[in-house]
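Here the structure is laid out as structure tokens; the discussion comes afterwards.
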Amino acid sequence: MDNSSDSMNQIAKLTLGMATFMLFLLILVPFTVSSASFDDIFPYLIYSLFLTSIGILIGISITWLLNNNEKLNKELTNDISTKKLPILSSAEKTVVNILQSNENKMWQAELVRQGAFTNSKASRLLSSMENRGLVRRVRDGMGKRVELTIMEDNA
């Protein structure tokens, strides 16, 4: 977020705080002032104008803060979704596509079958991808599960 947006956030928060405090004080006025001084309509008009203006200030401040938070969330989401993935070879792309179509994890033996790799090629490829942090292999009994880790960074 840039500095102008930060300063506007601070101004909105300050305005919201002041308006809330003024509203609290104005609500207390009828309880602290004798009823004889409110006999004339003029003080009621002034009082209602103050209440209305404070309500407007509170509404503007809350709207600004909520809108700005939505924009910030969208910017963060866009930053994450446009994060550049590493350059992948065609075999690595095949592995990533197969894993993505299987909820980002599967048995290594099944990956070898679906990718039409030899066992040794798959092992070398997965070792290389594991060293680069693209996948994780977890020994599970007699086999290994392969999990795609680059998608975890983008989620």
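In the structure tokens, chains take letters A, B, ... by order of appearance, with residues numbered from 1 within each chain and ligands from 1 in the order shown.
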**OP:** Write out as a list in words the residues lying within 10 Å of Lys121 in chain A, counting only C-alpha atoms and excluding same-chain residues fewer than 5 positions away.
**Re:**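 Once the adjacent positions are removed, what remains is Ala91, Val112, Ala116, Leu126 and Ser127 of chain A.
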For range 131-146 of chain A, list every protein, DNA or RNA residue within 9 Å, evaluated using only C-alpha atoms, and leave out those in the same chain fewer than 5 positions away; present the list as a PDB file with N, CA and C atoms, in the first residue's frame.
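Written out: out-v2.pdb:
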ATOM      1  N   PRO A  86       8.738 -21.164 -11.144  1.00  0.00           N
ATOM      2  CA  PRO A  86      10.044 -21.414 -11.764  1.00  0.00           C
ATOM      3  C   PRO A  86       9.874 -21.961 -13.180  1.00  0.00           C
ATOM      4  N   VAL A  96       4.000 -31.793 -12.880  1.00  0.00           N
ATOM      5  CA  VAL A  96       3.159 -30.795 -12.201  1.00  0.00           C
ATOM      6  C   VAL A  96       1.704 -30.951 -12.633  1.00  0.00           C
ATOM      7  N   LEU A  99       0.195 -34.098 -11.081  1.00  0.00           N
ATOM      8  CA  LEU A  99      -0.053 -33.908  -9.650  1.00  0.00           C
ATOM      9  C   LEU A  99      -1.239 -32.958  -9.415  1.00  0.00           C
ATOM     10  N   ASN A 104      -2.776 -32.549  -6.050  1.00  0.00           N
ATOM     11  CA  ASN A 104      -1.402 -32.183  -5.684  1.00  0.00           C
ATOM     12  C   ASN A 104      -0.634 -33.271  -4.942  1.00  0.00           C
ATOM     13  N   LYS A 105      -1.120 -34.515  -4.970  1.00  0.00           N
ATOM     14  CA  LYS A 105      -0.354 -35.602  -4.344  1.00  0.00           C
ATOM     15  C   LYS A 105      -0.793 -36.934  -4.930  1.00  0.00           C
ATOM     16  N   MET A 106       0.156 -37.855  -4.980  1.00  0.00           N
ATOM     17  CA  MET A 106      -0.138 -39.201  -5.459  1.00  0.00           C
ATOM     18  C   MET A 106       1.060 -40.093  -5.188  1.00  0.00           C
ATOM     19  N   TRP A 107       0.888 -41.399  -5.390  1.00  0.00           N
ATOM     20  CA  TRP A 107       1.968 -42.353  -5.234  1.00  0.00           C
ATOM     21  C   TRP A 107       2.939 -42.193  -6.391  1.00  0.00           C
ATOM     22  N   GLN A 108       4.226 -42.362  -6.095  1.00  0.00           N
ATOM     23  CA  GLN A 108       5.243 -42.218  -7.127  1.00  0.00           C
ATOM     24  C   GLN A 108       5.050 -43.246  -8.233  1.00  0.00           C
ATOM     25  N   ALA A 109       4.682 -44.466  -7.888  1.00  0.00           N
ATOM     26  CA  ALA A 109       4.473 -45.514  -8.894  1.00  0.00           C
ATOM     27  C   ALA A 109       3.351 -45.128  -9.862  1.00  0.00           C
ATOM     28  N   LEU A 111       2.425 -42.055 -10.549  1.00  0.00           N
ATOM     29  CA  LEU A 111       2.956 -40.931 -11.332  1.00  0.00           C
ATOM     30  C   LEU A 111       3.808 -41.447 -12.489  1.00  0.00           C
ATOM     31  N   LEU A 126      12.299 -36.468 -10.159  1.00  0.00           N
ATOM     32  CA  LEU A 126      11.714 -36.092  -8.865  1.00  0.00           C
ATOM     33  C   LEU A 126      12.783 -35.651  -7.873  1.00  0.00           C
ATOM     34  N   MET A 151       2.425 -25.341  -5.271  1.00  0.00           N
ATOM     35  CA  MET A 151       1.037 -24.881  -5.181  1.00  0.00           C
ATOM     36  C   MET A 151       0.709 -24.434  -3.765  1.00  0.00           C
TER      37      MET A 151
END
**OP:** Could you check how far CA of Asn68 in chain A sits from CA of Ile11 in chain A, in Å to one decimal?
**Re:** 12.6 Å
Subject >> Interatomic distance (Å, one decimal) between CA of Phe21 in chain A and CA of Ser53 in chain A >> reply: 13.1 Å
Original post:
Can you tell me how far CA of Ser61 in chain A sits from CA of Thr15 in chain A, in Å to one decimal?
Top reply: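 So the two atoms, CA of Ser61 in chain A and CA of Thr15 in chain A, lie 6.6 Å apart.
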